[in-house]
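Novice: Just final-v2.pdb, nothing more (PDB, C-alpha atoms and all ligand atoms):
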ATOM      1  CA  MET A 105      30.735  62.520  48.493  1.00  0.00           C
ATOM      2  CA  ASN A 106      29.750  59.975  45.829  1.00  0.00           C
ATOM      3  CA  ILE A 107      32.590  57.886  44.433  1.00  0.00           C
ATOM      4  CA  ILE A 108      33.393  55.021  42.080  1.00  0.00           C
ATOM      5  CA  LEU A 109      35.886  52.277  42.923  1.00  0.00           C
ATOM      6  CA  LEU A 110      37.278  51.155  39.587  1.00  0.00           C
ATOM      7  CA  GLY A 111      39.550  48.169  39.100  1.00  0.00           C
ATOM      8  CA  PRO A 112      39.775  44.596  37.819  1.00  0.00           C
ATOM      9  CA  PRO A 113      38.251  41.646  39.684  1.00  0.00           C
ATOM     10  CA  GLY A 114      40.290  40.976  42.831  1.00  0.00           C
ATOM     11  CA  ALA A 115      41.670  44.526  43.092  1.00  0.00           C
ATOM     12  CA  GLY A 116      40.109  44.848  46.552  1.00  0.00           C
ATOM     13  CA  LYS A 117      37.131  47.082  45.703  1.00  0.00           C
ATOM     14  CA  GLY A 118      34.735  45.203  48.000  1.00  0.00           C
ATOM     15  CA  THR A 119      37.166  45.184  50.935  1.00  0.00           C
ATOM     16  CA  GLN A 120      37.860  48.901  50.622  1.00  0.00           C
ATOM     17  CA  ALA A 121      34.182  49.715  50.120  1.00  0.00           C
ATOM     18  CA  ARG A 122      33.312  47.917  53.372  1.00  0.00           C
ATOM     19  CA  HIS A 123      35.909  50.006  55.197  1.00  0.00           C
ATOM     20  CA  LEU A 124      34.431  53.230  53.810  1.00  0.00           C
ATOM     21  CA  VAL A 125      30.968  52.084  54.864  1.00  0.00           C
ATOM     22  CA  GLU A 126      32.188  51.414  58.413  1.00  0.00           C
ATOM     23  CA  THR A 127      34.266  54.562  58.828  1.00  0.00           C
ATOM     24  CA  ARG A 128      32.333  57.145  56.827  1.00  0.00           C
ATOM     25  CA  GLY A 129      28.775  55.869  56.846  1.00  0.00           C
ATOM     26  CA  MET A 130      28.820  55.589  53.065  1.00  0.00           C
ATOM     27  CA  VAL A 131      26.429  53.300  51.172  1.00  0.00           C
ATOM     28  CA  GLN A 132      27.985  50.558  49.018  1.00  0.00           C
ATOM     29  CA  LEU A 133      26.247  49.848  45.735  1.00  0.00           C
ATOM     30  CA  SER A 134      27.746  46.666  44.286  1.00  0.00           C
ATOM     31  CA  THR A 135      26.008  45.487  41.136  1.00  0.00           C
ATOM     32  CA  GLY A 136      27.814  42.125  41.520  1.00  0.00           C
ATOM     33  CA  ASP A 137      26.231  41.648  44.973  1.00  0.00           C
ATOM     34  CA  MET A 138      22.808  42.713  43.654  1.00  0.00           C
ATOM     35  CA  LEU A 139      23.048  40.243  40.760  1.00  0.00           C
ATOM     36  CA  ARG A 140      24.221  37.399  43.044  1.00  0.00           C
ATOM     37  CA  GLU A 141      21.269  38.117  45.345  1.00  0.00           C
ATOM     38  CA  ALA A 142      18.862  37.957  42.391  1.00  0.00           C
ATOM     39  CA  LYS A 143      20.473  34.707  41.234  1.00  0.00           C
ATOM     40  CA  ASP A 144      20.365  33.121  44.715  1.00  0.00           C
ATOM     41  CA  SER A 145      16.741  34.055  45.272  1.00  0.00           C
ATOM     42  CA  GLY A 146      15.838  32.660  41.838  1.00  0.00           C
ATOM     43  CA  THR A 147      14.090  35.725  40.411  1.00  0.00           C
ATOM     44  CA  GLU A 148      13.399  35.768  36.663  1.00  0.00           C
ATOM     45  CA  MET A 149      16.238  38.248  36.115  1.00  0.00           C
ATOM     46  CA  GLY A 150      18.507  36.184  38.398  1.00  0.00           C
ATOM     47  CA  ASN A 151      17.931  33.057  36.307  1.00  0.00           C
ATOM     48  CA  LEU A 152      18.590  35.053  33.162  1.00  0.00           C
ATOM     49  CA  VAL A 153      21.999  36.289  34.302  1.00  0.00           C
ATOM     50  CA  ALA A 154      23.253  33.149  36.096  1.00  0.00           C
ATOM     51  CA  GLY A 155      25.003  31.612  33.070  1.00  0.00           C
ATOM     52  CA  VAL A 156      26.496  34.913  31.932  1.00  0.00           C
ATOM     53  CA  MET A 157      27.963  35.524  35.399  1.00  0.00           C
ATOM     54  CA  ALA A 158      29.327  31.986  35.745  1.00  0.00           C
ATOM     55  CA  ARG A 159      31.198  32.418  32.460  1.00  0.00           C
ATOM     56  CA  GLY A 160      32.588  35.779  33.618  1.00  0.00           C
ATOM     57  CA  GLU A 161      30.925  37.836  30.887  1.00  0.00           C
ATOM     58  CA  LEU A 162      29.144  41.126  31.493  1.00  0.00           C
ATOM     59  CA  VAL A 163      25.370  41.186  31.864  1.00  0.00           C
ATOM     60  CA  THR A 164      23.507  43.735  29.745  1.00  0.00           C
ATOM     61  CA  ASP A 165      23.805  47.450  30.430  1.00  0.00           C
ATOM     62  CA  GLU A 166      20.017  47.652  30.644  1.00  0.00           C
ATOM     63  CA  ILE A 167      19.840  45.244  33.595  1.00  0.00           C
ATOM     64  CA  VAL A 168      22.573  46.834  35.710  1.00  0.00           C
ATOM     65  CA  ILE A 169      21.467  50.392  34.956  1.00  0.00           C
ATOM     66  CA  GLY A 170      17.957  49.390  36.090  1.00  0.00           C
ATOM     67  CA  LEU A 171      19.366  47.999  39.362  1.00  0.00           C
ATOM     68  CA  ILE A 172      21.367  51.146  40.070  1.00  0.00           C
ATOM     69  CA  LYS A 173      18.465  53.434  39.175  1.00  0.00           C
ATOM     70  CA  GLU A 174      16.325  51.863  41.908  1.00  0.00           C
ATOM     71  CA  LYS A 175      19.026  52.380  44.535  1.00  0.00           C
ATOM     72  CA  LEU A 176      19.814  55.986  43.663  1.00  0.00           C
ATOM     73  CA  GLN A 177      16.431  57.098  44.865  1.00  0.00           C
ATOM     74  CA  GLY A 178      17.273  55.847  48.359  1.00  0.00           C
ATOM     75  CA  ASP A 179      19.183  57.549  51.151  1.00  0.00           C
ATOM     76  CA  ASN A 180      22.895  57.852  50.442  1.00  0.00           C
ATOM     77  CA  GLY A 181      24.103  58.467  54.031  1.00  0.00           C
ATOM     78  CA  GLY A 182      27.702  59.678  53.769  1.00  0.00           C
ATOM     79  CA  GLY A 183      27.642  59.166  49.997  1.00  0.00           C
ATOM     80  CA  PHE A 184      27.399  56.314  47.525  1.00  0.00           C
ATOM     81  CA  ILE A 185      30.295  54.015  46.683  1.00  0.00           C
ATOM     82  CA  PHE A 186      29.780  52.500  43.245  1.00  0.00           C
ATOM     83  CA  ASP A 187      31.575  49.147  43.336  1.00  0.00           C
ATOM     84  CA  GLY A 188      31.728  47.208  40.076  1.00  0.00           C
ATOM     85  CA  PHE A 189      29.606  49.819  38.301  1.00  0.00           C
ATOM     86  CA  PRO A 190      29.946  51.387  35.756  1.00  0.00           C
ATOM     87  CA  ARG A 191      31.761  48.767  33.700  1.00  0.00           C
ATOM     88  CA  THR A 192      31.111  50.168  30.195  1.00  0.00           C
ATOM     89  CA  LEU A 193      31.040  53.651  28.679  1.00  0.00           C
ATOM     90  CA  GLU A 194      27.265  53.288  28.211  1.00  0.00           C
ATOM     91  CA  GLN A 195      26.885  52.616  31.930  1.00  0.00           C
ATOM     92  CA  ALA A 196      29.101  55.626  32.746  1.00  0.00           C
ATOM     93  CA  ASP A 197      26.930  57.907  30.606  1.00  0.00           C
ATOM     94  CA  ALA A 198      23.770  56.479  32.137  1.00  0.00           C
ATOM     95  CA  LEU A 199      25.155  57.037  35.639  1.00  0.00           C
ATOM     96  CA  ALA A 200      25.948  60.685  34.860  1.00  0.00           C
ATOM     97  CA  LYS A 201      22.363  61.224  33.654  1.00  0.00           C
ATOM     98  CA  LEU A 202      20.787  59.391  36.591  1.00  0.00           C
ATOM     99  CA  MET A 203      22.860  61.343  39.128  1.00  0.00           C
ATOM    100  CA  ALA A 204      21.948  64.628  37.476  1.00  0.00           C
ATOM    101  CA  SER A 205      18.258  63.740  37.500  1.00  0.00           C
ATOM    102  CA  GLU A 206      18.496  62.973  41.247  1.00  0.00           C
ATOM    103  CA  GLY A 207      20.287  66.294  41.847  1.00  0.00           C
ATOM    104  CA  LYS A 208      23.418  64.423  42.963  1.00  0.00           C
ATOM    105  CA  THR A 209      27.038  64.704  41.822  1.00  0.00           C
ATOM    106  CA  LEU A 210      29.729  62.147  41.191  1.00  0.00           C
ATOM    107  CA  ASP A 211      32.775  63.482  42.979  1.00  0.00           C
ATOM    108  CA  ARG A 212      35.710  61.129  42.533  1.00  0.00           C
ATOM    109  CA  VAL A 213      36.767  57.950  40.749  1.00  0.00           C
ATOM    110  CA  ILE A 214      39.455  55.830  42.394  1.00  0.00           C
ATOM    111  CA  GLU A 215      41.314  53.460  40.119  1.00  0.00           C
ATOM    112  CA  MET A 216      42.788  50.533  42.073  1.00  0.00           C
ATOM    113  CA  ARG A 217      45.772  49.337  40.067  1.00  0.00           C
ATOM    114  CA  VAL A 218      46.945  45.724  40.472  1.00  0.00           C
ATOM    115  CA  ASP A 219      48.911  43.412  38.171  1.00  0.00           C
ATOM    116  CA  ASP A 220      47.343  40.306  36.663  1.00  0.00           C
ATOM    117  CA  ALA A 221      49.539  37.717  38.389  1.00  0.00           C
ATOM    118  CA  ALA A 222      48.484  39.081  41.789  1.00  0.00           C
ATOM    119  CA  LEU A 223      44.831  38.958  40.741  1.00  0.00           C
ATOM    120  CA  VAL A 224      44.950  35.297  39.762  1.00  0.00           C
ATOM    121  CA  GLU A 225      46.593  34.445  43.090  1.00  0.00           C
ATOM    122  CA  ARG A 226      44.101  36.469  45.097  1.00  0.00           C
ATOM    123  CA  ILE A 227      40.992  35.264  43.338  1.00  0.00           C
ATOM    124  CA  THR A 228      41.676  31.551  43.145  1.00  0.00           C
ATOM    125  CA  ALA A 229      42.494  31.520  46.891  1.00  0.00           C
ATOM    126  CA  ARG A 230      39.592  33.725  47.995  1.00  0.00           C
ATOM    127  CA  SER A 231      36.654  32.909  50.241  1.00  0.00           C
ATOM    128  CA  THR A 232      34.171  35.232  51.885  1.00  0.00           C
ATOM    129  CA  CYS A 233      32.154  35.117  55.106  1.00  0.00           C
ATOM    130  CA  SER A 234      28.565  35.369  53.929  1.00  0.00           C
ATOM    131  CA  GLY A 235      27.622  36.694  57.380  1.00  0.00           C
ATOM    132  CA  CYS A 236      29.554  39.944  56.996  1.00  0.00           C
ATOM    133  CA  GLY A 237      31.539  39.976  53.748  1.00  0.00           C
ATOM    134  CA  GLU A 238      34.976  39.562  55.378  1.00  0.00           C
ATOM    135  CA  VAL A 239      37.390  38.249  52.750  1.00  0.00           C
ATOM    136  CA  TYR A 240      39.888  35.422  53.454  1.00  0.00           C
ATOM    137  CA  ASN A 241      42.795  34.051  51.432  1.00  0.00           C
ATOM    138  CA  ASP A 242      44.080  30.457  51.673  1.00  0.00           C
ATOM    139  CA  LYS A 243      47.683  31.649  51.862  1.00  0.00           C
ATOM    140  CA  THR A 244      47.742  35.118  53.379  1.00  0.00           C
ATOM    141  CA  LYS A 245      44.663  35.050  55.632  1.00  0.00           C
ATOM    142  CA  PRO A 246      43.337  31.519  56.079  1.00  0.00           C
ATOM    143  CA  ILE A 247      39.944  30.719  57.564  1.00  0.00           C
ATOM    144  CA  PRO A 248      40.435  30.351  61.365  1.00  0.00           C
ATOM    145  CA  ALA A 249      40.785  26.764  62.626  1.00  0.00           C
ATOM    146  CA  ASP A 250      37.742  27.177  64.934  1.00  0.00           C
ATOM    147  CA  GLY A 251      35.601  28.057  61.875  1.00  0.00           C
ATOM    148  CA  LYS A 252      34.576  31.438  63.363  1.00  0.00           C
ATOM    149  CA  CYS A 253      34.794  34.594  61.306  1.00  0.00           C
ATOM    150  CA  THR A 254      37.338  36.984  62.860  1.00  0.00           C
ATOM    151  CA  ASN A 255      35.093  39.930  62.014  1.00  0.00           C
ATOM    152  CA  CYS A 256      31.530  38.873  62.927  1.00  0.00           C
ATOM    153  CA  GLY A 257      32.184  35.683  64.949  1.00  0.00           C
ATOM    154  CA  LYS A 258      29.604  33.653  63.019  1.00  0.00           C
ATOM    155  CA  GLU A 259      30.541  30.047  62.331  1.00  0.00           C
ATOM    156  CA  ASN A 260      31.151  28.266  59.039  1.00  0.00           C
ATOM    157  CA  LEU A 261      29.570  30.746  56.674  1.00  0.00           C
ATOM    158  CA  PHE A 262      32.582  30.775  54.355  1.00  0.00           C
ATOM    159  CA  THR A 263      31.773  30.545  50.662  1.00  0.00           C
ATOM    160  CA  ARG A 264      33.713  30.598  47.405  1.00  0.00           C
ATOM    161  CA  ARG A 265      32.242  32.435  44.439  1.00  0.00           C
ATOM    162  CA  ALA A 266      31.284  30.191  41.523  1.00  0.00           C
ATOM    163  CA  ASP A 267      33.130  32.518  39.126  1.00  0.00           C
ATOM    164  CA  ASP A 268      36.375  32.575  41.172  1.00  0.00           C
ATOM    165  CA  ASN A 269      38.062  29.935  39.019  1.00  0.00           C
ATOM    166  CA  GLU A 270      40.862  30.369  36.483  1.00  0.00           C
ATOM    167  CA  GLU A 271      38.647  29.869  33.427  1.00  0.00           C
ATOM    168  CA  SER A 272      36.016  32.483  34.358  1.00  0.00           C
ATOM    169  CA  LEU A 273      38.714  34.794  35.646  1.00  0.00           C
ATOM    170  CA  LYS A 274      40.332  34.881  32.195  1.00  0.00           C
ATOM    171  CA  THR A 275      37.021  36.031  30.704  1.00  0.00           C
ATOM    172  CA  ARG A 276      36.457  38.533  33.539  1.00  0.00           C
ATOM    173  CA  LEU A 277      39.911  40.051  33.035  1.00  0.00           C
ATOM    174  CA  MET A 278      39.364  40.261  29.282  1.00  0.00           C
ATOM    175  CA  ALA A 279      36.020  41.991  29.886  1.00  0.00           C
ATOM    176  CA  TYR A 280      37.793  44.431  32.201  1.00  0.00           C
ATOM    177  CA  TYR A 281      40.486  45.349  29.697  1.00  0.00           C
ATOM    178  CA  LYS A 282      38.170  45.514  26.685  1.00  0.00           C
ATOM    179  CA  GLN A 283      35.033  47.060  28.129  1.00  0.00           C
ATOM    180  CA  THR A 284      35.853  48.681  31.468  1.00  0.00           C
ATOM    181  CA  SER A 285      39.400  50.055  31.231  1.00  0.00           C
ATOM    182  CA  PRO A 286      38.349  52.781  28.701  1.00  0.00           C
ATOM    183  CA  LEU A 287      36.614  54.372  31.705  1.00  0.00           C
ATOM    184  CA  ILE A 288      40.026  55.266  33.100  1.00  0.00           C
ATOM    185  CA  GLY A 289      40.577  57.678  30.209  1.00  0.00           C
ATOM    186  CA  TYR A 290      36.973  58.844  30.353  1.00  0.00           C
ATOM    187  CA  TYR A 291      37.229  59.933  34.007  1.00  0.00           C
ATOM    188  CA  TYR A 292      40.797  61.203  33.629  1.00  0.00           C
ATOM    189  CA  ALA A 293      39.539  63.551  30.915  1.00  0.00           C
ATOM    190  CA  LYS A 294      36.818  64.743  33.293  1.00  0.00           C
ATOM    191  CA  ASP A 295      39.525  65.423  35.914  1.00  0.00           C
ATOM    192  CA  MET A 296      37.888  63.034  38.364  1.00  0.00           C
ATOM    193  CA  LEU A 297      40.456  60.240  38.484  1.00  0.00           C
ATOM    194  CA  GLY A 298      42.688  59.306  41.426  1.00  0.00           C
ATOM    195  CA  VAL A 299      44.968  56.259  41.199  1.00  0.00           C
ATOM    196  CA  VAL A 300      46.006  54.040  44.117  1.00  0.00           C
ATOM    197  CA  ASN A 301      48.341  51.064  44.271  1.00  0.00           C
ATOM    198  CA  GLY A 302      46.045  48.124  45.009  1.00  0.00           C
ATOM    199  CA  LEU A 303      48.980  45.810  45.776  1.00  0.00           C
ATOM    200  CA  GLY A 304      49.744  47.246  49.207  1.00  0.00           C
ATOM    201  CA  THR A 305      48.412  45.945  52.528  1.00  0.00           C
ATOM    202  CA  ILE A 306      44.732  46.619  53.254  1.00  0.00           C
ATOM    203  CA  ASN A 307      45.773  49.461  55.608  1.00  0.00           C
ATOM    204  CA  ALA A 308      48.156  50.993  53.079  1.00  0.00           C
ATOM    205  CA  VAL A 309      45.446  50.993  50.393  1.00  0.00           C
ATOM    206  CA  GLN A 310      42.979  52.497  52.879  1.00  0.00           C
ATOM    207  CA  SER A 311      45.280  55.444  53.521  1.00  0.00           C
ATOM    208  CA  GLU A 312      46.020  55.944  49.834  1.00  0.00           C
ATOM    209  CA  ILE A 313      42.272  56.076  49.184  1.00  0.00           C
ATOM    210  CA  ALA A 314      41.778  58.523  52.069  1.00  0.00           C
ATOM    211  CA  GLY A 315      44.461  60.711  50.467  1.00  0.00           C
ATOM    212  CA  ALA A 316      42.817  60.506  47.059  1.00  0.00           C
ATOM    213  CA  LEU A 317      39.451  61.537  48.542  1.00  0.00           C
ATOM    214  CA  LYS A 318      40.743  64.729  50.199  1.00  0.00           C
TER     215      LYS A 318
HETATM  216  P1  LIG B 401      31.634  41.469  40.632  1.00  0.00           P
HETATM  217  O1  LIG B 401      31.106  40.949  41.923  1.00  0.00           O
HETATM  218  O2  LIG B 401      31.657  42.957  40.574  1.00  0.00           O
HETATM  219  O3  LIG B 401      32.969  40.852  40.282  1.00  0.00           O
HETATM  220  O4  LIG B 401      30.602  41.000  39.484  1.00  0.00           O
HETATM  221  C1  LIG B 401      30.354  39.634  39.254  1.00  0.00           C
HETATM  222  C2  LIG B 401      29.718  39.463  37.891  1.00  0.00           C
HETATM  223  O5  LIG B 401      28.458  40.163  37.839  1.00  0.00           O
HETATM  224  C3  LIG B 401      30.509  40.013  36.718  1.00  0.00           C
HETATM  225  O6  LIG B 401      31.495  39.106  36.246  1.00  0.00           O
HETATM  226  C4  LIG B 401      29.393  40.247  35.689  1.00  0.00           C
HETATM  227  O7  LIG B 401      28.957  39.024  35.120  1.00  0.00           O
HETATM  228  C5  LIG B 401      28.251  40.763  36.558  1.00  0.00           C
HETATM  229  N1  LIG B 401      28.310  42.244  36.735  1.00  0.00           N
HETATM  230  C6  LIG B 401      28.500  42.923  37.900  1.00  0.00           C
HETATM  231  N2  LIG B 401      28.455  44.249  37.710  1.00  0.00           N
HETATM  232  C7  LIG B 401      28.250  44.429  36.380  1.00  0.00           C
HETATM  233  C8  LIG B 401      28.139  45.580  35.542  1.00  0.00           C
HETATM  234  N3  LIG B 401      28.233  46.823  36.052  1.00  0.00           N
HETATM  235  N4  LIG B 401      27.914  45.395  34.219  1.00  0.00           N
HETATM  236  C9  LIG B 401      27.802  44.161  33.701  1.00  0.00           C
HETATM  237  N5  LIG B 401      27.929  43.022  34.424  1.00  0.00           N
HETATM  238  C10 LIG B 401      28.145  43.148  35.758  1.00  0.00           C
END
Written as structure tokens, how would this file's structure read?
Specialist:
Amino acid sequence: MNIILLGPPGAGKGTQARHLVETRGMVQLSTGDMLREAKDSGTEMGNLVAGVMARGELVTDEIVIGLIKEKLQGDNGGGFIFDGFPRTLEQADALAKLMASEGKTLDRVIEMRVDDAALVERITARSTCSGCGEVYNDKTKPIPADGKCTNCGKENLFTRRADDNEESLKTRLMAYYKQTSPLIGYYYAKDMLGVVNGLGTINAVQSEIAGALK
């Protein structure tokens, strides 16, 4: 089963994708992670997108479609999870064509619905273990006092994303509402959309997603 996790920044797409990877052997394709990797390793494309990402704007369709195209040719284990892609109607059309040309199908789109106030709180308090991707929150799930990740046990690998600040978040939310939210109607019309409440506990969201994937 190949699925899209659709939702604004901070909705919990990455957290839920990691769970699906662990429990169902699915393969997570996060264009945000791919772009951050390119930026951190200083490739030409990485340098090109660094400023755009820091401001919270979208990088060009051409770049992200190119990144996804490369990955689609690989093994998809228990299915692909598209996380943070597509973010525009052009990307959605491109994905449909690429999947068809690989003989694959897109089976379900899960919209994770969360209100804006919760997003600001989540994002400005968020840090991530770069060893395993476990997400922490200053208020609800603080970094352990001994500095060891509760998931992978590695020490002091906690990082904050450069774009997890209020200013960039405003731009990222605006980009979501203007450019990405039309995809909700697009997939609803194709009868592929399932909606979950992204405000619940991690476990509650996991079971809602499991229900939506049946
Ligand atoms: P994310 O980790 O999904 O929040 O993405 C971080 C940033 O990477 C976004 O704010 C955009 O600048 C860029 N980005 C990630 N995925 C896409 C995409 N599908 N289309 C355009 N820009 C993207």
Novice: Restrict the calculation to only C-alpha atoms and all ligand atoms, then for each residue of chain A with any atom at most 8 Å from an atom of ligand LIG 401 (chain B) give the closest atom pair and their distance in Å to one decimal, rows by chain and rising residue number, as a tab-separated table.
Specialist:
residue	atom	partner	partner_atom	distance
A:Pro113	CA	B:LIG401	O3	5.4
A:Gly114	CA	B:LIG401	O3	7.8
A:Ser134	CA	B:LIG401	O2	6.5
A:Thr135	CA	B:LIG401	N2	4.4
A:Gly136	CA	B:LIG401	O1	3.5
A:Asp137	CA	B:LIG401	O1	5.8
A:Leu139	CA	B:LIG401	O5	6.1
A:Arg140	CA	B:LIG401	O5	7.3
A:Val153	CA	B:LIG401	O7	7.5
A:Val156	CA	B:LIG401	O7	5.8
A:Met157	CA	B:LIG401	O7	3.6
A:Ala158	CA	B:LIG401	O7	7.1
A:Arg159	CA	B:LIG401	O7	7.5
A:Gly160	CA	B:LIG401	O6	4.4
A:Glu161	CA	B:LIG401	O7	4.8
A:Leu162	CA	B:LIG401	N5	3.7
A:Val163	CA	B:LIG401	N5	4.1
A:Thr164	CA	B:LIG401	C9	5.9
A:Asp165	CA	B:LIG401	N4	6.0
A:Val168	CA	B:LIG401	N3	5.7
A:Ile169	CA	B:LIG401	N3	7.7
A:Asp187	CA	B:LIG401	O2	6.8
A:Gly188	CA	B:LIG401	O2	4.3
A:Phe189	CA	B:LIG401	N3	4.0
A:Pro190	CA	B:LIG401	N3	4.9
A:Arg191	CA	B:LIG401	N3	4.7
A:Thr192	CA	B:LIG401	N4	7.0
A:Gln195	CA	B:LIG401	N3	7.2
A:Asp267	CA	B:LIG401	O6	7.4
A:Arg276	CA	B:LIG401	O6	5.7
Novice: Include C-alpha atoms and write out the residues we just selected as a PDB file, in the frame of the given file.
Specialist:
ATOM      1  CA  PRO A 113      38.251  41.646  39.684  1.00  0.00           C
ATOM      2  CA  GLY A 114      40.290  40.976  42.831  1.00  0.00           C
ATOM      3  CA  SER A 134      27.746  46.666  44.286  1.00  0.00           C
ATOM      4  CA  THR A 135      26.008  45.487  41.136  1.00  0.00           C
ATOM      5  CA  GLY A 136      27.814  42.125  41.520  1.00  0.00           C
ATOM      6  CA  ASP A 137      26.231  41.648  44.973  1.00  0.00           C
ATOM      7  CA  LEU A 139      23.048  40.243  40.760  1.00  0.00           C
ATOM      8  CA  ARG A 140      24.221  37.399  43.044  1.00  0.00           C
ATOM      9  CA  VAL A 153      21.999  36.289  34.302  1.00  0.00           C
ATOM     10  CA  VAL A 156      26.496  34.913  31.932  1.00  0.00           C
ATOM     11  CA  MET A 157      27.963  35.524  35.399  1.00  0.00           C
ATOM     12  CA  ALA A 158      29.327  31.986  35.745  1.00  0.00           C
ATOM     13  CA  ARG A 159      31.198  32.418  32.460  1.00  0.00           C
ATOM     14  CA  GLY A 160      32.588  35.779  33.618  1.00  0.00           C
ATOM     15  CA  GLU A 161      30.925  37.836  30.887  1.00  0.00           C
ATOM     16  CA  LEU A 162      29.144  41.126  31.493  1.00  0.00           C
ATOM     17  CA  VAL A 163      25.370  41.186  31.864  1.00  0.00           C
ATOM     18  CA  THR A 164      23.507  43.735  29.745  1.00  0.00           C
ATOM     19  CA  ASP A 165      23.805  47.450  30.430  1.00  0.00           C
ATOM     20  CA  VAL A 168      22.573  46.834  35.710  1.00  0.00           C
ATOM     21  CA  ILE A 169      21.467  50.392  34.956  1.00  0.00           C
ATOM     22  CA  ASP A 187      31.575  49.147  43.336  1.00  0.00           C
ATOM     23  CA  GLY A 188      31.728  47.208  40.076  1.00  0.00           C
ATOM     24  CA  PHE A 189      29.606  49.819  38.301  1.00  0.00           C
ATOM     25  CA  PRO A 190      29.946  51.387  35.756  1.00  0.00           C
ATOM     26  CA  ARG A 191      31.761  48.767  33.700  1.00  0.00           C
ATOM     27  CA  THR A 192      31.111  50.168  30.195  1.00  0.00           C
ATOM     28  CA  GLN A 195      26.885  52.616  31.930  1.00  0.00           C
ATOM     29  CA  ASP A 267      33.130  32.518  39.126  1.00  0.00           C
ATOM     30  CA  ARG A 276      36.457  38.533  33.539  1.00  0.00           C
TER      31      ARG A 276
END
Novice: At what distance in Å, to one decimal, does atom CA of Asn255 of chain A lie from atom CA of Ile172 of chain A?
Specialist: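 If I compute the distance from atom CA of Ile172 of chain A to atom CA of Asn255 of chain A, I get 28.2 Å.
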Novice: Between A:Met149, A:Leu109, A:Leu277, A:Cys256, which is the closest to Gln132 of chain A once you count all atoms listed in the file?
Specialist: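 Comparing A:Met149, A:Leu109, A:Leu277, A:Cys256 against Gln132 of chain A, the winner is A:Leu109.
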Novice: Nearest to Lys208 of chain A among A:Glu271, A:Ile313, A:Ile107, A:His123, with distances taken over only C-alpha atoms: which residue is it?
Specialist: A:Ile107
Novice: One decimal, Å: what's the distance from atom CA of Ile185 of chain A over to atom CA of Met130 of chain A, could you say?
Specialist: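 Separation of atom CA of Ile185 of chain A and atom CA of Met130 of chain A: 6.7 Å.
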Novice: Which value, in Å to one decimal, gives the distance between atom CA of Asp219 of chain A and atom CA of Leu303 of chain A?
Specialist: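 Result for atom CA of Asp219 of chain A versus atom CA of Leu303 of chain A: 8.0 Å, one decimal.
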Novice: Please list as an NGL selection string every residue within 12 Å of Phe184 of chain A, counting all atoms listed in the file and excluding residues in the same chain fewer than 4 positions away.
Specialist: :A and (105-109 or 121-122 or 124-125 or 128-134 or 172 or 175-180 or 189 or 203 or 208-213)
Novice: Take the PyMOL selection byres (((chain A and resi 297) around 10) and not hetatm), run it mentally on this structure, and tell me the resulting residues as an NGL selection string.
Specialist: :A and (108 or 110 or 211-215 or 287-296 or 298-299 or 316)
Novice: Using only C-alpha atoms, which of A:Thr228, A:Thr127, A:Thr305, A:Ser205 sits nearest Ser272 of chain A?
Specialist: A:Thr228
